[in-house]
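**Student:** Below is one structure. I have some questions about it.
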Amino acid sequence: MLKNPFKNTSITELSHNRQGPKSDICSLAEDVLYDIVGKTIKGVHEDLVVCTLKIQSLNINKTFKKEYKETKDGIEYTCVLELFHEPEPCMYPHCVFRVWINGIKITYKNYKDTISKLTIIRGNLKEELASMVITKEINQV
C-alpha cells in the first residue's frame with residue numbers, strides 16, 4: 001500500500017484536469033504542465049506532477065460532492081468536498097476540488113481559522129484524497 005501522499009498537506013484547494021482519449025496526441029496528461037501563459041522561466045511547471053484519475057461514479061446530479069461532519073467545543077461543523085469545472089488558460093479543461101466548512105470556502109488565507117482545528121474532518125478529507133490517488137479513481141460512493 002502506498003503511503004498517504006496528503007498526510008502533511010494542508011487542505012485548501014487541489015486541482016485536476018480532465019483528459020481526452022489516450023490515442024489523441026493532444027490528450028497527453030503531461031501537457032497540463034506546459035506554461036502557455038508565461039509564468040515560468042522554462043515554460044513548464046517543474047514543481048508539479050500529474051496524477052490521472054478516472055471518474056467512476058457521480059451523484060444523481062452528475063457532480064461529485066461529499067459531506068463530512070465534526071462537533072468540536074459544542075459547535076457542529078459541516079465540510080463539503082466538491083469538484084468544479086473552472087477553466088484555466090492551460091492545455092486541458094480545468095477542474096478543482098474545493099473544500100467548504102459551514103459554507104465558507106477554504107483558502108490558504110483562512111485555513112488556520114477554519115479547517116486547521118478540525119482534526120476529524122481533515123483526516124477524512126486526506127483519506128478521501130489519498131484513496132483517489134492510490135486507486136486512480138474518483139468515486140461518489
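Here's how to read the names in the C-alpha cells: chain A, B, ... by the order shown, residue numbers from 1 in each chain, ligand numbers from 1 in the order shown.
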Tell me which protein, DNA and RNA residues are within 7 Å of stretch 71-86 of chain A, counting only C-alpha atoms, leaving out same-chain ones fewer than 3 positions away, and put them as a list in words.
**Tutor:** Phe64, Lys65, Lys66, Glu67, Tyr68, His94, Cys95, Val96, Phe97, Arg98, Val99, Trp100, Ile101 and Asn102 of chain A
**Student:** Which residues are close to A:Ile115, i.e. within 8 Å by only C-alpha atoms, leaving aside same-chain residues fewer than 6 positions away? Reply as number ranges by chain.
**Tutor:** A: 11, 101, 106, 121-122
**Student:** Could those selected residues go to a file with N, CA and C atoms, as a PDB file, in the first residue's frame?
**Tutor:**
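This went into out-v5.pdb:
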```
ATOM      1  N   ILE A  11      -5.255  21.216   3.499  1.00  0.00           N
ATOM      2  CA  ILE A  11      -6.391  21.082   2.586  1.00  0.00           C
ATOM      3  C   ILE A  11      -6.931  22.477   2.308  1.00  0.00           C
ATOM      4  N   ILE A 101     -16.312  24.782   4.682  1.00  0.00           N
ATOM      5  CA  ILE A 101     -16.687  24.495   6.067  1.00  0.00           C
ATOM      6  C   ILE A 101     -17.820  25.456   6.433  1.00  0.00           C
ATOM      7  N   ILE A 106     -12.613  27.237   1.807  1.00  0.00           N
ATOM      8  CA  ILE A 106     -11.316  27.182   2.466  1.00  0.00           C
ATOM      9  C   ILE A 106     -10.232  27.651   1.494  1.00  0.00           C
ATOM     10  N   ILE A 121     -12.375  16.033  10.470  1.00  0.00           N
ATOM     11  CA  ILE A 121     -12.701  16.385   9.079  1.00  0.00           C
ATOM     12  C   ILE A 121     -11.441  16.371   8.223  1.00  0.00           C
ATOM     13  N   ARG A 122     -10.358  16.981   8.702  1.00  0.00           N
ATOM     14  CA  ARG A 122      -9.107  16.993   7.931  1.00  0.00           C
ATOM     15  C   ARG A 122      -8.631  15.586   7.649  1.00  0.00           C
TER      16      ARG A 122
END
```
**Student:** Rounded to one decimal, what separation in Å do you get between atom CA of A:Asn59 and atom CA of A:Glu127?
**Tutor:**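 That distance, rounded to one decimal, is 19.5 Å.
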**Student:** Pick the closest to A:Cys51 from A:Met132, A:Gln140, A:Leu118, A:Ile104: which is it, counting only C-alpha atoms?
**Tutor:**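 Checking each candidate against A:Cys51, we get A:Met132 as the closest.
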**Student:** Using DSSP assignments from the backbone, pull out every residue in stretch 30-129 of chain A that falls under strand (DSSP E) and give it to me as a PyMOL selection string.
**Tutor:** chain A and resi 54-57+65-72+75-85+94-101+104-105
**Student:** As an exercise, work out the distance from atom CA of A:Lys117 to atom CA of A:Lys69 in Å and give it to one decimal place.
**Tutor:**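 Rounded to one decimal, the two atoms are 13.2 Å apart.
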**Student:** Which distance in Å separates atom CA of A:Gln56 and atom CA of A:Asn139, to one decimal?
**Tutor:**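 Answer for the atom CA of A:Gln56 to atom CA of A:Asn139 separation: 5.2 Å.
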**Student:** Name the closest residue to A:Gly123 among the candidates A:Gly103, A:Lys109, A:Glu70, A:Lys136; distances are taken between atoms, counting only C-alpha atoms.
**Tutor:** A:Glu70
**Student:** Which one is closest to A:Ala130: A:Leu33, A:Leu53, A:Thr63, A:His45? Count only C-alpha atoms.
**Tutor:** A:Leu53
